[in-house]
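Source file structure03.txt; content: compact mmCIF, C-alpha atoms.
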```
# COMPACT_ATOMS: atom_id res chain seq x y z
CA MET A 1 9.25 16.61 3.55
CA ALA A 2 7.58 16.56 6.97
CA ALA A 3 4.21 15.79 5.38
CA GLU A 4 5.73 12.83 3.51
CA GLU A 5 7.27 11.60 6.76
CA GLY A 6 3.86 11.76 8.43
CA ILE A 7 2.25 9.82 5.60
CA LEU A 8 4.83 7.04 5.92
CA VAL A 9 4.57 6.86 9.71
CA SER A 10 0.76 6.73 9.54
CA PHE A 11 0.93 4.00 6.91
CA LEU A 12 3.40 1.90 8.90
CA ASP A 13 1.07 2.14 11.91
CA LEU A 14 -1.66 0.39 9.89
CA LEU A 15 0.48 -2.64 9.07
CA THR A 16 0.80 -5.96 10.81
CA PRO A 17 4.23 -6.46 12.42
CA GLU A 18 5.25 -8.85 9.62
CA ASN A 19 4.23 -6.47 6.83
CA ARG A 20 5.83 -3.52 8.63
CA ALA A 21 9.12 -5.41 8.95
CA TRP A 22 9.07 -6.37 5.27
CA LEU A 23 8.23 -2.86 4.06
CA THR A 24 10.85 -1.19 6.25
CA SER A 25 13.47 -3.48 4.72
CA LEU A 26 12.92 -1.64 1.40
CA PRO A 27 14.59 1.66 0.51
CA GLU A 28 12.74 4.63 2.01
CA ALA A 29 11.69 5.96 -1.40
CA GLU A 30 9.90 2.68 -2.15
CA GLN A 31 8.23 2.74 1.27
CA ARG A 32 6.97 6.25 0.54
CA ASP A 33 5.69 5.13 -2.86
CA VAL A 34 3.49 2.43 -1.33
CA ALA A 35 2.33 4.78 1.45
CA THR A 36 1.42 7.48 -1.06
CA ARG A 37 -0.52 5.04 -3.22
CA HIS A 38 -2.41 3.95 -0.12
CA LEU A 39 -3.28 7.55 0.75
CA GLU A 40 -4.47 8.17 -2.81
CA ALA A 41 -6.66 5.06 -2.68
CA VAL A 42 -8.16 5.93 0.69
CA GLN A 43 -8.87 9.50 -0.41
CA GLY A 44 -10.35 8.29 -3.68
CA ASP A 45 -7.83 10.04 -5.90
CA LYS A 46 -9.54 9.86 -9.30
CA GLU A 47 -6.62 11.24 -11.27
CA HIS A 48 -4.11 8.59 -10.22
CA GLY A 49 -6.45 5.85 -9.05
CA LEU A 50 -4.80 2.76 -7.69
CA GLY A 51 -2.35 2.43 -10.53
CA ARG A 52 -0.76 -0.98 -10.16
CA TYR A 53 -3.26 -2.00 -7.49
CA ASP A 54 -6.11 -3.54 -9.46
CA THR A 55 -9.21 -3.89 -7.30
CA HIS A 56 -11.51 -4.82 -10.17
CA ASP A 57 -9.72 -7.87 -11.57
CA THR A 58 -11.03 -10.85 -9.62
CA GLN A 59 -7.98 -12.88 -10.67
CA VAL A 60 -5.50 -10.60 -8.91
CA GLU A 61 -4.36 -11.53 -5.43
CA GLY A 62 -3.58 -9.10 -2.66
CA VAL A 63 -6.13 -6.29 -2.95
CA ALA A 64 -9.87 -6.81 -3.01
CA VAL A 65 -12.69 -4.33 -3.40
CA GLY A 66 -13.73 -4.97 0.21
CA ASP A 67 -10.28 -3.86 1.37
CA LEU A 68 -11.12 -0.32 0.27
CA GLN A 69 -13.60 -0.06 3.14
CA ASP A 70 -10.90 -0.46 5.79
CA PRO A 71 -7.63 1.50 5.52
CA GLY A 72 -5.75 -1.12 7.58
CA HIS A 73 -6.92 -3.99 5.40
CA LEU A 74 -6.04 -2.04 2.28
CA ALA A 75 -2.58 -1.14 3.61
CA ASN A 76 -1.76 -4.76 4.41
CA ALA A 77 -3.20 -5.97 1.11
CA MET A 78 -1.05 -3.50 -0.82
CA VAL A 79 2.08 -4.66 1.00
CA ARG A 80 1.20 -8.31 0.31
CA GLN A 81 0.80 -7.48 -3.37
CA GLU A 82 4.19 -5.74 -3.41
CA GLN A 83 5.71 -8.86 -1.83
CA GLU A 84 4.16 -11.05 -4.55
CA ARG A 85 5.52 -8.78 -7.29
CA ARG A 86 9.04 -9.01 -5.90
CA SER A 87 9.10 -12.77 -5.36
```
Please go through the file and, once you have read it, give me the structure as structure tokens.
Amino acid sequence: MAAEEGILVSFLDLLTPENRAWLTSLPEAEQRDVATRHLEAVQGDKEHGLGRYDTHDTQVEGVAVGDLQDPGHLANAMVRQEQERRS
């Protein structure tokens, strides 16, 4: 569980204050889900890929291929996309 806690804390540190506030308003399990997906994307997890986070569809908003080059940009883009899904 300590490793999962570290992943979440590291992820939250990458976010803008607005995105951090929004994400921390979600249940902790959902926060961990987004943080884990981010870690998988940054590490290039080929088995799971980005799942819901489509970086190849140019029509999707939130995550762009260029975001993959910067973990902070990717983290914030993933949170923005979660916000869009829930609105």
Discussion item. Give me, as an MDAnalysis selection string, all polymer residues having an atom no more than 7 Å from region 11-25 of chain A, counting all atoms listed in the file and skipping those fewer than 2 positions away in the same chain.
Written reply: chainID A and resid 7:9 27 31 35 72 75:76 79
Discussion item. So the first atom is CA of Glu84 (chain A) and the second is CA of Gly6 (chain A); what is the distance between them in Å, to one decimal place?
Written reply: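 Taking CA of Glu84 (chain A) as the start and CA of Gly6 (chain A) as the end point, the length is 26.2 Å.
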So for region 6-20 of chain A, what box centre and size do we get, axis-aligned, 3 Å extra on each of the six sides, every listed atom, Å to one decimal, as AutoDock Vina command-line options?
```
--center_x 2.1 --center_y 1.5 --center_z 9.0 --size_x 13.5 --size_y 26.6 --size_z 12.8
```
Worksheet item: Quick one: distance from CA of Glu40 (chain A) to CA of Gln81 (chain A) in Å, one decimal?
Response: 16.5 Å
Response to the item:
Between A:Glu5, A:Arg80, A:Ser87, A:Pro71, smallest distance to Ala29 (chain A) by all atoms listed in the file belongs to A:Glu5
Worksheet, complete the sentence: Atom pair CA of Ser10 (chain A) + CA of Glu82 (chain A), distance 18.3 Å
What would region 14-38 of chain A look like with N, CA, C and O atoms in place, written as a PDB file, keeping the file's coordinate frame?
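Output saved as rebuild.pdb:
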```pdb
ATOM      1  N   LEU A  14      -0.527   1.216  10.316  1.00  0.00           N
ATOM      2  CA  LEU A  14      -1.660   0.390   9.890  1.00  0.00           C
ATOM      3  C   LEU A  14      -1.272  -1.059   9.646  1.00  0.00           C
ATOM      4  O   LEU A  14      -2.137  -1.936   9.587  1.00  0.00           O
ATOM      5  N   LEU A  15       0.012  -1.310   9.497  1.00  0.00           N
ATOM      6  CA  LEU A  15       0.480  -2.640   9.070  1.00  0.00           C
ATOM      7  C   LEU A  15       0.628  -3.620  10.215  1.00  0.00           C
ATOM      8  O   LEU A  15       0.900  -3.239  11.353  1.00  0.00           O
ATOM      9  N   THR A  16       0.491  -4.899   9.853  1.00  0.00           N
ATOM     10  CA  THR A  16       0.800  -5.960  10.810  1.00  0.00           C
ATOM     11  C   THR A  16       2.310  -5.917  11.050  1.00  0.00           C
ATOM     12  O   THR A  16       3.063  -5.396  10.208  1.00  0.00           O
ATOM     13  N   PRO A  17       2.779  -6.468  12.161  1.00  0.00           N
ATOM     14  CA  PRO A  17       4.230  -6.460  12.420  1.00  0.00           C
ATOM     15  C   PRO A  17       5.043  -7.103  11.286  1.00  0.00           C
ATOM     16  O   PRO A  17       6.105  -6.598  10.923  1.00  0.00           O
ATOM     17  N   GLU A  18       4.530  -8.178  10.700  1.00  0.00           N
ATOM     18  CA  GLU A  18       5.250  -8.850   9.620  1.00  0.00           C
ATOM     19  C   GLU A  18       5.350  -7.964   8.381  1.00  0.00           C
ATOM     20  O   GLU A  18       6.409  -7.839   7.766  1.00  0.00           O
ATOM     21  N   ASN A  19       4.220  -7.340   8.007  1.00  0.00           N
ATOM     22  CA  ASN A  19       4.230  -6.470   6.830  1.00  0.00           C
ATOM     23  C   ASN A  19       5.062  -5.217   7.076  1.00  0.00           C
ATOM     24  O   ASN A  19       5.752  -4.744   6.175  1.00  0.00           O
ATOM     25  N   ARG A  20       5.030  -4.699   8.290  1.00  0.00           N
ATOM     26  CA  ARG A  20       5.830  -3.520   8.630  1.00  0.00           C
ATOM     27  C   ARG A  20       7.318  -3.854   8.501  1.00  0.00           C
ATOM     28  O   ARG A  20       8.094  -3.088   7.937  1.00  0.00           O
ATOM     29  N   ALA A  21       7.717  -4.999   9.020  1.00  0.00           N
ATOM     30  CA  ALA A  21       9.120  -5.410   8.950  1.00  0.00           C
ATOM     31  C   ALA A  21       9.565  -5.567   7.500  1.00  0.00           C
ATOM     32  O   ALA A  21      10.657  -5.130   7.122  1.00  0.00           O
ATOM     33  N   TRP A  22       8.710  -6.172   6.673  1.00  0.00           N
ATOM     34  CA  TRP A  22       9.070  -6.370   5.270  1.00  0.00           C
ATOM     35  C   TRP A  22       9.199  -5.016   4.572  1.00  0.00           C
ATOM     36  O   TRP A  22      10.180  -4.768   3.872  1.00  0.00           O
ATOM     37  N   LEU A  23       8.212  -4.141   4.761  1.00  0.00           N
ATOM     38  CA  LEU A  23       8.230  -2.860   4.060  1.00  0.00           C
ATOM     39  C   LEU A  23       9.417  -2.013   4.501  1.00  0.00           C
ATOM     40  O   LEU A  23      10.072  -1.373   3.674  1.00  0.00           O
ATOM     41  N   THR A  24       9.731  -2.013   5.774  1.00  0.00           N
ATOM     42  CA  THR A  24      10.850  -1.190   6.250  1.00  0.00           C
ATOM     43  C   THR A  24      12.200  -1.737   5.803  1.00  0.00           C
ATOM     44  O   THR A  24      13.211  -1.045   5.930  1.00  0.00           O
ATOM     45  N   SER A  25      12.217  -2.946   5.267  1.00  0.00           N
ATOM     46  CA  SER A  25      13.470  -3.480   4.720  1.00  0.00           C
ATOM     47  C   SER A  25      13.751  -2.908   3.325  1.00  0.00           C
ATOM     48  O   SER A  25      14.851  -3.047   2.814  1.00  0.00           O
ATOM     49  N   LEU A  26      12.757  -2.250   2.724  1.00  0.00           N
ATOM     50  CA  LEU A  26      12.920  -1.640   1.400  1.00  0.00           C
ATOM     51  C   LEU A  26      13.543  -0.254   1.550  1.00  0.00           C
ATOM     52  O   LEU A  26      13.469   0.354   2.621  1.00  0.00           O
ATOM     53  N   PRO A  27      14.096   0.277   0.469  1.00  0.00           N
ATOM     54  CA  PRO A  27      14.590   1.660   0.510  1.00  0.00           C
ATOM     55  C   PRO A  27      13.443   2.619   0.863  1.00  0.00           C
ATOM     56  O   PRO A  27      12.292   2.376   0.503  1.00  0.00           O
ATOM     57  N   GLU A  28      13.770   3.702   1.542  1.00  0.00           N
ATOM     58  CA  GLU A  28      12.740   4.630   2.010  1.00  0.00           C
ATOM     59  C   GLU A  28      11.885   5.179   0.880  1.00  0.00           C
ATOM     60  O   GLU A  28      10.678   5.371   1.035  1.00  0.00           O
ATOM     61  N   ALA A  29      12.460   5.427  -0.267  1.00  0.00           N
ATOM     62  CA  ALA A  29      11.690   5.960  -1.400  1.00  0.00           C
ATOM     63  C   ALA A  29      10.594   4.975  -1.823  1.00  0.00           C
ATOM     64  O   ALA A  29       9.479   5.383  -2.166  1.00  0.00           O
ATOM     65  N   GLU A  30      10.900   3.690  -1.790  1.00  0.00           N
ATOM     66  CA  GLU A  30       9.900   2.680  -2.150  1.00  0.00           C
ATOM     67  C   GLU A  30       8.828   2.569  -1.077  1.00  0.00           C
ATOM     68  O   GLU A  30       7.657   2.355  -1.387  1.00  0.00           O
ATOM     69  N   GLN A  31       9.219   2.731   0.187  1.00  0.00           N
ATOM     70  CA  GLN A  31       8.230   2.740   1.270  1.00  0.00           C
ATOM     71  C   GLN A  31       7.261   3.898   1.076  1.00  0.00           C
ATOM     72  O   GLN A  31       6.046   3.730   1.195  1.00  0.00           O
ATOM     73  N   ARG A  32       7.806   5.057   0.757  1.00  0.00           N
ATOM     74  CA  ARG A  32       6.970   6.250   0.540  1.00  0.00           C
ATOM     75  C   ARG A  32       6.024   6.058  -0.640  1.00  0.00           C
ATOM     76  O   ARG A  32       4.890   6.523  -0.631  1.00  0.00           O
ATOM     77  N   ASP A  33       6.508   5.382  -1.676  1.00  0.00           N
ATOM     78  CA  ASP A  33       5.690   5.130  -2.860  1.00  0.00           C
ATOM     79  C   ASP A  33       4.443   4.332  -2.489  1.00  0.00           C
ATOM     80  O   ASP A  33       3.327   4.689  -2.872  1.00  0.00           O
ATOM     81  N   VAL A  34       4.626   3.261  -1.739  1.00  0.00           N
ATOM     82  CA  VAL A  34       3.490   2.430  -1.330  1.00  0.00           C
ATOM     83  C   VAL A  34       2.567   3.227  -0.407  1.00  0.00           C
ATOM     84  O   VAL A  34       1.341   3.195  -0.556  1.00  0.00           O
ATOM     85  N   ALA A  35       3.139   3.980   0.524  1.00  0.00           N
ATOM     86  CA  ALA A  35       2.330   4.780   1.450  1.00  0.00           C
ATOM     87  C   ALA A  35       1.525   5.837   0.711  1.00  0.00           C
ATOM     88  O   ALA A  35       0.348   6.073   1.025  1.00  0.00           O
ATOM     89  N   THR A  36       2.121   6.458  -0.284  1.00  0.00           N
ATOM     90  CA  THR A  36       1.420   7.480  -1.060  1.00  0.00           C
ATOM     91  C   THR A  36       0.292   6.873  -1.864  1.00  0.00           C
ATOM     92  O   THR A  36      -0.807   7.425  -1.939  1.00  0.00           O
ATOM     93  N   ARG A  37       0.535   5.723  -2.466  1.00  0.00           N
ATOM     94  CA  ARG A  37      -0.520   5.040  -3.220  1.00  0.00           C
ATOM     95  C   ARG A  37      -1.686   4.686  -2.292  1.00  0.00           C
ATOM     96  O   ARG A  37      -2.844   4.769  -2.681  1.00  0.00           O
ATOM     97  N   HIS A  38      -1.374   4.279  -1.085  1.00  0.00           N
ATOM     98  CA  HIS A  38      -2.410   3.950  -0.120  1.00  0.00           C
ATOM     99  C   HIS A  38      -3.238   5.191   0.196  1.00  0.00           C
ATOM    100  O   HIS A  38      -4.465   5.156   0.203  1.00  0.00           O
TER     101      HIS A  38
END
```
